[in-house]
Structures are given as C-alpha cells and as structure tokens.
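Engineer: One file: final15.tsv (TSV, C-alpha atoms and all ligand atoms).
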chain	number	residue	atom	x	y	z
A	1	MET	CA	0.00	0.00	0.00
A	2	ARG	CA	1.27	3.42	-0.88
A	3	LEU	CA	1.39	6.04	1.85
A	4	SER	CA	-1.03	8.17	-0.18
A	5	ASP	CA	-3.64	5.38	0.17
A	6	LEU	CA	-3.13	5.16	3.92
A	7	GLY	CA	-3.23	8.94	4.26
A	8	GLU	CA	-1.72	11.28	6.81
A	9	PHE	CA	-4.32	10.55	9.47
A	10	GLY	CA	-4.30	6.79	8.69
A	11	LEU	CA	-0.57	6.70	9.39
A	12	ILE	CA	-0.99	8.63	12.65
A	13	ALA	CA	-3.77	6.21	13.70
A	14	GLU	CA	-1.45	3.23	13.05
A	15	ILE	CA	1.35	4.83	15.06
A	16	LYS	CA	-1.09	5.43	17.92
A	17	GLU	CA	-2.34	1.82	17.71
A	18	GLN	CA	1.23	0.46	17.93
A	19	PHE	CA	1.72	2.23	21.24
A	20	VAL	CA	-1.68	1.42	22.71
A	21	ASN	CA	-0.28	-1.11	25.21
A	22	PHE	CA	2.46	1.21	26.39
A	23	SER	CA	1.97	1.93	30.06
A	24	VAL	CA	1.37	5.66	29.75
A	25	PRO	CA	0.35	7.14	33.10
A	26	THR	CA	-3.42	7.61	32.90
A	27	ASP	CA	-3.24	11.37	33.39
A	28	VAL	CA	-0.84	11.86	30.46
A	29	GLU	CA	-2.67	12.69	27.21
A	30	GLY	CA	-0.84	11.67	24.03
A	31	ILE	CA	-1.65	11.61	20.31
A	32	GLY	CA	-4.83	13.30	19.13
A	33	ASP	CA	-4.93	16.91	20.25
A	34	ASP	CA	-2.99	20.03	19.27
A	35	CYS	CA	-0.57	19.26	22.11
A	36	ALA	CA	0.14	16.34	24.41
A	37	VAL	CA	-0.56	17.06	28.09
A	38	ILE	CA	1.80	16.08	30.91
A	39	PRO	CA	0.74	16.77	34.51
A	40	LYS	CA	3.16	19.03	36.37
A	41	ASP	CA	1.62	19.16	39.84
A	42	GLU	CA	-1.83	19.27	41.45
A	43	LYS	CA	-2.68	22.54	39.76
A	44	PHE	CA	-0.68	22.80	36.52
A	45	SER	CA	0.20	20.77	33.43
A	46	TYR	CA	2.78	21.07	30.67
A	47	VAL	CA	1.63	20.92	27.05
A	48	ILE	CA	4.04	19.95	24.29
A	49	THR	CA	3.87	20.06	20.49
A	50	THR	CA	6.17	19.75	17.49
A	51	ASP	CA	5.76	20.85	13.88
A	52	MET	CA	8.05	20.49	10.90
A	53	LEU	CA	8.49	22.70	7.83
A	54	VAL	CA	10.04	21.18	4.71
A	55	GLU	CA	11.46	23.22	1.84
A	56	GLY	CA	9.47	22.74	-1.35
A	57	LYS	CA	6.46	21.49	0.58
A	58	HIS	CA	5.78	24.15	3.23
A	59	PHE	CA	7.87	26.99	1.87
A	60	LEU	CA	9.99	28.13	-1.08
A	61	THR	CA	12.97	30.29	-0.19
A	62	ASN	CA	12.18	32.70	-3.05
A	63	LYS	CA	8.64	33.29	-1.70
A	64	ILE	CA	9.38	33.91	1.98
A	65	SER	CA	12.20	35.88	3.57
A	66	ALA	CA	14.52	34.20	6.07
A	67	PHE	CA	13.20	36.48	8.84
A	68	GLU	CA	9.59	35.57	8.03
A	69	LEU	CA	10.39	31.85	7.89
A	70	GLY	CA	12.08	31.97	11.31
A	71	TYR	CA	9.04	33.77	12.71
A	72	LYS	CA	6.56	31.38	11.05
A	73	SER	CA	8.40	28.23	12.21
A	74	LEU	CA	7.81	29.24	15.81
A	75	ALA	CA	4.34	30.76	15.20
A	76	VAL	CA	2.82	27.52	13.89
A	77	ASN	CA	3.97	25.71	17.04
A	78	ILE	CA	2.92	28.47	19.44
A	79	SER	CA	-0.48	28.35	17.74
A	80	ASP	CA	-0.92	24.71	18.85
A	81	VAL	CA	-0.04	25.69	22.44
A	82	ALA	CA	-2.54	28.59	22.30
A	83	ALA	CA	-5.14	26.12	20.98
A	84	MET	CA	-5.02	24.27	24.33
A	85	GLY	CA	-5.48	27.57	26.20
A	86	ALA	CA	-1.86	27.42	27.40
A	87	ALA	CA	1.02	29.90	27.62
A	88	PRO	CA	4.14	29.01	25.56
A	89	LYS	CA	7.29	28.88	27.70
A	90	PHE	CA	10.20	27.02	26.06
A	91	SER	CA	11.25	25.93	22.58
A	92	LEU	CA	13.74	23.63	20.83
A	93	LEU	CA	14.86	24.41	17.26
A	94	SER	CA	16.30	21.80	14.89
A	95	LEU	CA	17.67	22.79	11.51
A	96	GLY	CA	18.69	20.68	8.53
A	97	VAL	CA	20.53	23.15	6.29
A	98	SER	CA	22.80	22.87	3.28
A	99	LYS	CA	26.42	23.83	3.84
A	100	GLU	CA	26.04	25.98	0.72
A	101	SER	CA	23.38	28.05	2.52
A	102	ASP	CA	24.07	31.72	2.94
A	103	ALA	CA	25.21	32.47	6.51
A	104	GLU	CA	23.44	35.85	6.37
A	105	TRP	CA	20.19	34.06	5.45
A	106	CYS	CA	20.57	31.85	8.53
A	107	ARG	CA	21.23	34.87	10.74
A	108	ASP	CA	18.05	36.52	9.47
A	109	PHE	CA	16.12	33.30	10.09
A	110	ILE	CA	17.26	33.33	13.72
A	111	LYS	CA	16.36	37.04	14.01
A	112	GLY	CA	12.79	36.18	12.94
A	113	TYR	CA	12.62	33.25	15.34
A	114	HIS	CA	13.99	35.46	18.10
A	115	SER	CA	11.53	38.28	17.47
A	116	LEU	CA	8.48	36.07	18.10
A	117	SER	CA	10.26	34.36	21.03
A	118	ALA	CA	10.81	37.78	22.58
A	119	GLN	CA	7.19	38.84	21.98
A	120	TYR	CA	5.88	35.99	24.13
A	121	GLY	CA	8.92	35.38	26.36
A	122	VAL	CA	9.53	31.90	24.93
A	123	LEU	CA	13.00	30.72	25.92
A	124	LEU	CA	15.02	28.74	23.35
A	125	LEU	CA	16.48	25.81	25.31
A	126	GLY	CA	18.32	23.92	22.57
A	127	GLY	CA	17.87	21.96	19.37
A	128	ASP	CA	19.99	20.29	16.72
A	129	THR	CA	21.81	21.39	13.57
A	130	THR	CA	22.60	19.04	10.75
A	131	ALA	CA	23.51	19.09	7.06
A	132	ALA	CA	20.84	18.71	4.38
A	133	GLU	CA	21.00	18.62	0.60
A	134	THR	CA	20.57	21.98	-1.13
A	135	GLY	CA	16.85	22.60	-1.71
A	136	HIS	CA	15.79	20.24	1.08
A	137	MET	CA	16.04	22.44	4.14
A	138	THR	CA	14.06	21.09	7.10
A	139	ILE	CA	13.00	22.99	10.19
A	140	SER	CA	11.60	21.22	13.22
A	141	VAL	CA	10.40	23.14	16.26
A	142	THR	CA	9.13	21.86	19.60
A	143	VAL	CA	7.33	24.12	22.05
A	144	LEU	CA	6.52	23.45	25.69
A	145	GLY	CA	3.76	25.43	27.37
A	146	GLU	CA	2.12	25.60	30.75
A	147	ILE	CA	-1.50	25.74	31.82
A	148	GLU	CA	-3.71	25.47	34.85
A	149	ASN	CA	-5.40	22.04	34.69
A	150	ARG	CA	-8.94	23.39	34.84
A	151	ASN	CA	-8.30	25.65	31.80
A	152	ILE	CA	-7.16	22.95	29.35
A	153	LYS	CA	-9.30	22.96	26.20
A	154	ARG	CA	-9.49	19.75	24.22
A	155	ARG	CA	-10.80	18.82	20.78
A	156	SER	CA	-12.91	16.15	22.47
A	157	SER	CA	-15.18	18.36	24.59
A	158	ALA	CA	-17.69	19.79	22.10
A	159	GLN	CA	-21.34	19.33	23.09
A	160	LYS	CA	-24.57	19.30	21.13
A	161	GLY	CA	-26.00	22.84	20.98
A	162	ASP	CA	-22.57	24.53	21.14
A	163	ILE	CA	-21.96	27.46	18.82
A	164	ILE	CA	-18.97	26.93	16.52
A	165	ALA	CA	-16.93	30.11	16.16
A	166	VAL	CA	-13.60	31.31	14.82
A	167	SER	CA	-11.39	34.05	16.24
A	168	GLY	CA	-10.40	35.69	12.94
A	169	HIS	CA	-10.91	35.92	9.19
A	170	LEU	CA	-10.48	32.80	7.09
A	171	GLY	CA	-8.89	32.32	3.68
A	172	ASP	CA	-6.34	35.17	3.54
A	173	SER	CA	-3.35	32.87	3.87
A	174	ALA	CA	-4.65	30.45	1.23
A	175	LEU	CA	-5.39	33.35	-1.13
A	176	ALA	CA	-1.84	34.68	-0.72
A	177	LEU	CA	-0.48	31.21	-1.50
A	178	GLN	CA	-2.70	30.84	-4.57
A	179	LEU	CA	-1.53	34.20	-5.94
A	180	MET	CA	2.12	33.28	-5.32
A	181	MET	CA	1.65	29.93	-7.04
A	182	GLN	CA	0.31	31.85	-10.06
A	183	GLY	CA	3.55	33.85	-10.10
A	184	GLU	CA	1.98	37.00	-8.66
A	185	THR	CA	3.06	39.02	-5.66
A	186	PRO	CA	0.19	39.48	-3.17
A	187	CYS	CA	-0.15	42.83	-1.39
A	188	ASN	CA	1.66	43.11	1.95
A	189	GLU	CA	-1.51	42.62	4.01
A	190	LEU	CA	-2.15	39.20	2.45
A	191	LEU	CA	1.49	38.19	2.28
A	192	LYS	CA	1.88	38.82	5.99
A	193	LYS	CA	-1.06	36.54	6.78
A	194	HIS	CA	0.71	33.70	4.97
A	195	ASN	CA	4.36	34.37	5.80
A	196	MET	CA	4.05	35.71	9.35
A	197	PRO	CA	0.84	34.28	10.87
A	198	SER	CA	0.20	35.70	14.32
A	199	ALA	CA	-0.26	32.92	16.84
A	200	GLN	CA	-3.26	33.87	18.99
A	201	VAL	CA	-1.63	33.42	22.37
A	202	VAL	CA	-3.49	36.12	24.29
A	203	GLU	CA	-6.81	35.04	22.81
A	204	GLY	CA	-6.12	31.34	23.49
A	205	ILE	CA	-5.24	31.95	27.14
A	206	TRP	CA	-8.40	34.02	27.61
A	207	PHE	CA	-10.62	31.40	25.94
A	208	GLY	CA	-8.94	28.75	28.08
A	209	ALA	CA	-10.08	30.51	31.24
A	210	GLN	CA	-13.76	30.66	30.14
A	211	GLU	CA	-15.86	27.70	31.18
A	212	GLU	CA	-18.39	28.32	28.36
A	213	VAL	CA	-15.66	27.35	25.88
A	214	HIS	CA	-15.94	23.59	25.53
A	215	ALA	CA	-13.62	22.53	22.68
A	216	MET	CA	-10.81	24.40	20.96
A	217	MET	CA	-8.16	23.83	18.29
A	218	ASP	CA	-6.22	25.97	15.85
A	219	ILE	CA	-6.95	26.05	12.15
A	220	SER	CA	-3.95	24.72	10.31
A	221	ASP	CA	-5.47	22.46	7.63
A	222	GLY	CA	-8.71	24.40	6.96
A	223	VAL	CA	-12.01	24.47	8.84
A	224	SER	CA	-13.48	21.57	6.85
A	225	SER	CA	-10.74	19.20	7.99
A	226	ASP	CA	-10.31	20.70	11.46
A	227	ILE	CA	-14.00	20.64	12.46
A	228	GLU	CA	-14.00	16.95	11.49
A	229	HIS	CA	-11.36	16.30	14.16
A	230	ILE	CA	-13.54	17.97	16.79
A	231	CYS	CA	-16.60	15.99	15.66
A	232	ARG	CA	-14.77	12.65	15.60
A	233	LEU	CA	-13.18	13.15	19.02
A	234	SER	CA	-16.35	14.60	20.58
A	235	SER	CA	-18.67	12.02	18.90
A	236	CYS	CA	-20.87	14.73	17.43
A	237	GLY	CA	-21.73	16.42	14.15
A	238	ALA	CA	-21.68	20.02	12.94
A	239	LYS	CA	-23.59	22.44	10.75
A	240	ILE	CA	-21.55	25.18	9.12
A	241	TYR	CA	-23.41	28.15	7.64
A	242	THR	CA	-21.27	29.14	4.71
A	243	ASN	CA	-22.62	32.70	4.49
A	244	ALA	CA	-21.39	33.29	8.07
A	245	ILE	CA	-17.74	32.56	7.24
A	246	PRO	CA	-15.81	35.76	8.05
A	247	TYR	CA	-13.68	37.25	5.29
A	248	SER	CA	-11.39	40.27	5.28
A	249	ASP	CA	-12.20	43.16	2.94
A	250	ILE	CA	-9.11	42.46	0.85
A	251	PHE	CA	-10.14	38.79	0.52
A	252	ASN	CA	-13.64	39.76	-0.64
A	253	LYS	CA	-12.27	42.30	-3.08
A	254	ILE	CA	-9.66	40.06	-4.74
A	255	CYS	CA	-11.90	36.98	-4.87
A	256	SER	CA	-14.72	38.98	-6.45
A	257	GLU	CA	-12.43	40.62	-9.00
A	258	ARG	CA	-10.73	37.36	-9.92
A	259	HIS	CA	-13.73	35.05	-9.58
A	260	PHE	CA	-11.91	32.86	-7.07
A	261	ASP	CA	-13.88	30.25	-5.12
A	262	LYS	CA	-14.14	31.82	-1.65
A	263	LEU	CA	-15.42	28.65	-0.01
A	264	ALA	CA	-12.64	26.48	-1.40
A	265	LEU	CA	-10.03	28.95	-0.11
A	266	SER	CA	-11.61	29.53	3.31
A	267	LEU	CA	-12.76	25.98	4.13
A	268	SER	CA	-9.99	23.92	2.61
A	269	GLY	CA	-7.05	26.29	2.21
A	270	GLY	CA	-5.71	26.21	5.75
A	271	GLU	CA	-2.80	27.97	7.48
A	272	ASP	CA	-5.13	30.57	8.99
A	273	TYR	CA	-3.76	29.92	12.50
A	274	VAL	CA	-6.81	31.45	14.14
A	275	LEU	CA	-8.74	29.49	16.77
A	276	LEU	CA	-11.75	27.29	16.14
A	277	LEU	CA	-13.85	26.92	19.26
A	278	THR	CA	-17.19	25.59	20.42
A	279	ILE	CA	-19.07	27.60	23.03
A	280	ASP	CA	-22.11	26.72	25.14
A	281	GLY	CA	-25.02	27.86	22.93
A	282	ALA	CA	-27.13	29.13	25.83
A	283	LYS	CA	-24.32	31.39	27.04
A	284	PHE	CA	-22.93	32.50	23.69
A	285	GLU	CA	-24.44	36.02	23.51
A	286	GLU	CA	-23.25	36.89	27.01
A	287	PHE	CA	-19.84	35.38	26.22
A	288	LYS	CA	-19.57	37.45	23.05
A	289	GLN	CA	-20.34	40.65	25.00
A	290	ARG	CA	-17.70	39.83	27.59
A	291	TYR	CA	-14.97	39.11	25.04
A	292	SER	CA	-12.94	42.22	24.19
A	293	GLY	CA	-11.97	40.91	20.74
A	294	ILE	CA	-14.09	39.81	17.81
A	295	ILE	CA	-15.46	36.32	17.50
A	296	TYR	CA	-17.37	35.02	14.49
A	297	PRO	CA	-20.08	32.36	14.98
A	298	LEU	CA	-20.38	30.19	11.87
A	299	GLY	CA	-22.23	27.07	12.91
A	300	GLU	CA	-23.42	24.74	15.62
A	301	ILE	CA	-22.62	21.34	17.05
A	302	THR	CA	-25.25	18.69	16.29
A	303	ASP	CA	-25.67	15.02	17.14
A	304	SER	CA	-25.84	13.98	13.46
A	305	GLY	CA	-22.33	12.51	13.43
A	306	LYS	CA	-21.49	14.35	10.19
A	307	VAL	CA	-20.41	17.80	9.07
A	308	GLU	CA	-23.01	19.57	6.95
A	309	TYR	CA	-22.61	22.82	5.02
A	310	ILE	CA	-25.67	25.04	4.67
A	311	GLY	CA	-25.71	27.71	1.96
A	312	SER	CA	-27.46	31.08	2.01
A	313	ASP	CA	-30.72	29.57	0.71
A	314	ASP	CA	-30.75	26.98	3.51
A	315	GLN	CA	-29.64	24.37	0.99
A	316	LYS	CA	-27.03	21.79	1.87
A	317	ILE	CA	-23.92	22.22	-0.22
A	318	GLU	CA	-21.15	19.86	-1.17
A	319	GLN	CA	-18.53	19.26	1.48
A	320	LYS	CA	-15.13	20.84	1.00
A	321	ARG	CA	-12.13	18.85	2.14
A	322	GLY	CA	-9.25	20.31	4.13
A	323	PHE	CA	-5.59	19.99	3.40
A	324	ARG	CA	-3.97	16.55	3.72
A	325	HIS	CA	-0.21	16.08	3.44
A	326	PHE	CA	-0.72	12.82	1.51
A	401	LIG	P1	-1.69	19.86	14.32
A	401	LIG	O1	-2.17	20.20	12.93
A	401	LIG	O2	-2.46	20.49	15.41
A	401	LIG	O3	-0.19	20.07	14.46
A	401	LIG	P2	-1.64	17.17	13.41
A	401	LIG	O4	-2.85	17.03	12.53
A	401	LIG	O5	-0.32	17.42	12.76
A	401	LIG	O6	-1.94	18.30	14.50
A	401	LIG	O7	-1.49	15.89	14.31
A	401	LIG	C1	-2.60	15.31	14.95
A	401	LIG	C2	-2.12	14.50	16.15
A	401	LIG	O8	-1.28	13.43	15.72
A	401	LIG	C3	-1.29	15.32	17.14
A	401	LIG	O9	-1.66	14.95	18.45
A	401	LIG	C4	0.14	14.91	16.84
A	401	LIG	O10	0.98	14.97	17.99
A	401	LIG	C5	-0.02	13.47	16.37
A	401	LIG	N1	1.02	13.04	15.40
A	401	LIG	C6	1.26	13.54	14.16
A	401	LIG	N2	2.28	12.91	13.56
A	401	LIG	C7	2.73	11.96	14.44
A	401	LIG	C8	3.77	10.98	14.42
A	401	LIG	N3	4.58	10.84	13.36
A	401	LIG	N4	3.94	10.21	15.53
A	401	LIG	C9	3.14	10.36	16.60
A	401	LIG	N5	2.14	11.24	16.67
A	401	LIG	C10	1.91	12.05	15.62
A	402	MG	MG	-3.20	22.40	15.70
Kindly return the structure encoded in the file as structure tokens.

Structural biologist:
Amino acid sequence: MRLSDLGEFGLIAEIKEQFVNFSVPTDVEGIGDDCAVIPKDEKFSYVITTDMLVEGKHFLTNKISAFELGYKSLAVNISDVAAMGAAPKFSLLSLGVSKESDAEWCRDFIKGYHSLSAQYGVLLLGGDTTAAETGHMTISVTVLGEIENRNIKRRSSAQKGDIIAVSGHLGDSALALQLMMQGETPCNELLKKHNMPSAQVVEGIWFGAQEEVHAMMDISDGVSSDIEHICRLSSCGAKIYTNAIPYSDIFNKICSERHFDKLALSLSGGEDYVLLLTIDGAKFEEFKQRYSGIIYPLGEITDSGKVEYIGSDDQKIEQKRGFRHF
C-alpha cells in the first residue's frame, strides 16, 4: 500500500495503535490533540507540540524571507499551544541546512525566530543542527507550554447545541499562496497573513479561562478538515453556515475581482492559524459581550455525526475537504 492510500491521518492512527499497550500514566494525554498534556503538579500541566516545515512542501525560499520563515516556524507551534489555552514557555529548534546556505540568510532566520520568542517570552532551550542537501532544508520546532489544569481545552469536549466560532478571518493565507503559485506578488496585508501568521496566544489563554468554551483547536489544515477532528473526538456532528464565514475586505475584493472560489479557499485552504472553538449555545451572547476581541459564529454542534454545510438559501452544499499532506 502506498502512503497516499493510507493517508496522513491513517498513518498517525497506526502509530497510535502500535503504542496502545504502552503503560502511559493515565493522566498523560498523548496523540490526538494540538498538544500532548503532561501533569506538572496538582494545579498545573505542561503541554508539548512539534511541527516540521520542509522546503518545497511548506515553503519556497524565493517566496518567503529568512526572517519571516524563522518567525513562522515558531508561530505555527505556538499556535498549537494557544489552541489548548496554554502559555508558551520554552522551545527547541532543529535545523537541517545545506552547507552551501548563505550564513546571512541563517542569521536573518534566527532574528525572525527570536523576534516572536521575545514577543511571548519563549526561551530557546536547545535543538539540533545538521547538514541537508541543497533545496531540502528542514526545520523542526518543539514548544513546551504551561496551563492550569482546569483551563485545558481539548478537541474532544464539544457538546450538542454549542456554537462553533472562529477568532479571525479565514482564507487570507490560502489566497496569498494561490496568488504566489500563479507567479503574482500578493499585497503586503495578504502576504503577511501567509508568511508571518500571528499565533493567537493572548486570545487562546483568555478562551482557556472561560468555562463556556468547551472545545478548541487551531486552524492549520482548513475548517473543513479541522472541524471533522472535533466531531470525531467529541462524537458529534456540525452544521456550518457558509454565508457566516468571516472574510477580510481584501479577501472579498480580490476573490470577487478574480472570480476565485471563496469557499474552497476559506474551508480547505488552511494555514489561517486562528482558533476554532465551540461555546455553550445558551451562554454565547453573554460570552460574546464579555470578550474584548471579535469572535465570528459560523455554525453549531449537532448530534448527526457528520459535518453539513448550509448555503445562504438553507440548501445543503457539497462538502469541501481540508488539506492533507498525503
Ligand atoms: P496539528 O495540525 O495540530 O499540528 P496534526 O494534525 O499534525 O496536529 O497531528 C494530529 C495529532 O497526531 C497530534 O496529536 C500529533 O501529535 C499526532 N502526530 C502527528 N504525527 C505523528 C507521528 N509521526 N507520531 C506520533 N504522533 C503524531
Ligand atoms: Mg493544531
């Protein structure tokens, strides 16, 4: 069987199955969520996550600056920590770089990584540096965070009647990528969304402390794929109202001018790195008032066991599929 037949999530399921008899302490939470959870003491836990970026697959060095790539490598990991409601504390950085690489490029990469580390006080504790073939640079980052036990938000805690909401616009990053793939240079506003996504640390910590928030994750693969994870792990279904998906003005403008498929970009594009959360439906309005930022409701949790998309005329529309690595 080829790996493409097994699929990314099929492979992860097999890895998980192989370790099922391992005597993991019952209060340690492993594969399945944005981060693993390791109890620290009575009151606090550590959360830990790792994400890899591969040249040619996740980035092209002529489409992203070294500074931006350093920033993004940490941001995508911090985003997973924020998705648990936790504060990022420490990181490890491993680099596979060609010996032909430009030393100045590497210095700029570290400047970018440092700038986001400094913004959130994330201490770089170590890593690894190794040689890679030219054109096959690999970046692997691990981030450790900390959280009060009662604030941990899991993908598995959505309940029927919850409102599904996102903490930012969707599709900008995917639109920037599409334009770049067509050989165009997106405007700075869009480019920044793709090359320097802001991990929503402050928002994630606040959501973590609210008991009305039941489930949370970050949007890395696209809502259509990510909401499926919540539904599978929470044994529920979801309805997404496609006309409630929040878009930025620039996204609306470019997609209208160019006749791009907004739904394909926003549901399946991915790399938004905003938070996807489910909130107690009965308390949503009060919750929304209390939140100092903007939150966009776009659906509800059902007990149907499937994800349905409802168009503006109340008609069900075809399901869009999120990004899969293979
Ligand atoms: P995210 O997009 O939030 O980073 P992923 O979809 O990459 O999450 O991964 C889903 C879950 O599978 C996570 O809990 C992650 O730790 C786990 N996982 C992914 N790849 C592997 C692997 N090679 N071995 C063990 N666990 C893995
Ligand atoms: Mg994630």

Engineer: Could you tell me how far CA of Val307 in chain A sits from CA of Glu203 in chain A, in Å to one decimal place?

Structural biologist: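 That distance, rounded to one decimal, is 25.9 Å.
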
Engineer: Considering only C-alpha atoms, state which residue in the set A:Ala86, A:Ala264, A:Ile12, A:Leu191 is at the smallest distance from Met217 in chain A.

Structural biologist: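 Between A:Ala86, A:Ala264, A:Ile12, A:Leu191, the residue approaching Met217 in chain A most closely is A:Ala86.
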
Engineer: Using all atoms listed in the file, what are the residues with an atom within 7 Å of ligand LIG 401 (chain A), set out as a ChimeraX atom specification?

Structural biologist: /A:12,15-16,30-36,49,51,80,218,220-221

Engineer: Got a sec to check which residues lie within 12 Å of ligand MG 402 (chain A), using all atoms listed in the file, and send them as a PyMOL selection string?

Structural biologist: chain A and resi 31-36+48-51+75-85+154-155+199-200+216-223+225-227+229-230+270-276

Engineer: Which is closest to Trp206 in chain A among A:Phe9, A:Phe90, A:Phe22, A:Tyr291, if we use all atoms listed in the file?

Structural biologist: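 Among A:Phe9, A:Phe90, A:Phe22, A:Tyr291, it is A:Tyr291 that comes nearest to Trp206 in chain A.
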
Engineer: Would you compute the distance between CA of Lys192 in chain A and CA of Val97 in chain A? Give it in Å to one decimal.

Structural biologist: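 Separation between CA of Lys192 in chain A and CA of Val97 in chain A: 24.4 Å.
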
Engineer: If we draw a sphere of 12 Å around (20.1, 25.4, 27.3), which residues have at least one atom in it when counting all atoms listed in the file? Please report them as number ranges by chain.

Structural biologist: A: 90-93, 123-128

Engineer: Quick one: what's the axis-aligned box for range 225-235 of chain A, all listed atoms, 3 Å on every side, centre and edges in Å to one decimal, as JSON?

Structural biologist:
{"center_x": -14.5, "center_y": 16.4, "center_z": 14.3, "size_x": 14.4, "size_y": 14.7, "size_z": 18.6}

Engineer: Report, in Å to a single decimal, how far apart CA of Asn195 in chain A and CA of Lys262 in chain A are.

Structural biologist: 20.1 Å

Engineer: Excluding Ala244 in chain A and residues on its chain fewer than 5 positions from it, collect all residues at most 8 Å away from it, counting only C-alpha atoms, and give them as a ChimeraX atom specification.

Structural biologist: /A:296-299

Engineer: Which is closest to Glu285 in chain A among A:Asp162, A:Asn252, A:Leu53, A:Thr138, if we use only C-alpha atoms?

Structural biologist: A:Asp162

Engineer: Select, from A:Lys239, A:Thr302, A:Ile295, A:Ser167, the residue with the minimum atom-to-atom distance to Ile317 in chain A, counting only C-alpha atoms.

Structural biologist: A:Lys239

Engineer: Counting all atoms listed in the file, which residue out of A:Ala209, A:Ile279, A:Val54, A:Ala66 sits closest to Arg150 in chain A?

Structural biologist: A:Ala209

Engineer: Range 156-159 of chain A: which residues within 9 Å, counting all atoms listed in the file, same-chain residues fewer than 5 positions away excluded, as an MDAnalysis selection string?

Structural biologist: chainID A and resid 33 213:216 229:236 277:280 301:303

Engineer: Can you spit out the residues from that selection as a short mmCIF file (atom, residue, chain, number, x, y, z; two decimals), keeping the file's coordinate frame, using C-alpha atoms?

Structural biologist:
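Output file again_37.cif is given in full below:
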data_model
loop_
_atom_site.label_atom_id
_atom_site.label_comp_id
_atom_site.auth_asym_id
_atom_site.auth_seq_id
_atom_site.Cartn_x
_atom_site.Cartn_y
_atom_site.Cartn_z
CA ASP A 33 -4.93 16.91 20.25
CA VAL A 213 -15.66 27.35 25.88
CA HIS A 214 -15.94 23.59 25.53
CA ALA A 215 -13.62 22.53 22.68
CA MET A 216 -10.81 24.40 20.96
CA HIS A 229 -11.36 16.30 14.16
CA ILE A 230 -13.54 17.97 16.79
CA CYS A 231 -16.60 15.99 15.66
CA ARG A 232 -14.77 12.65 15.60
CA LEU A 233 -13.18 13.15 19.02
CA SER A 234 -16.35 14.60 20.58
CA SER A 235 -18.67 12.02 18.90
CA CYS A 236 -20.87 14.73 17.43
CA LEU A 277 -13.85 26.92 19.26
CA THR A 278 -17.19 25.59 20.42
CA ILE A 279 -19.07 27.60 23.03
CA ASP A 280 -22.11 26.72 25.14
CA ILE A 301 -22.62 21.34 17.05
CA THR A 302 -25.25 18.69 16.29
CA ASP A 303 -25.67 15.02 17.14
#

Engineer: Identify the residues within 12 Å of coordinate (-15.3, 25.4, -1.5) (same frame as the file), considering only C-alpha atoms, and give the answer as a ChimeraX atom specification.

Structural biologist: /A:171,222-224,242-243,245,260-269,309,311,317-322

Engineer: Taking all atoms listed in the file into account, which of A:Ala118, A:Gly161, A:Ser73, A:Ser65 comes nearest Lys283 in chain A?

Structural biologist: A:Gly161
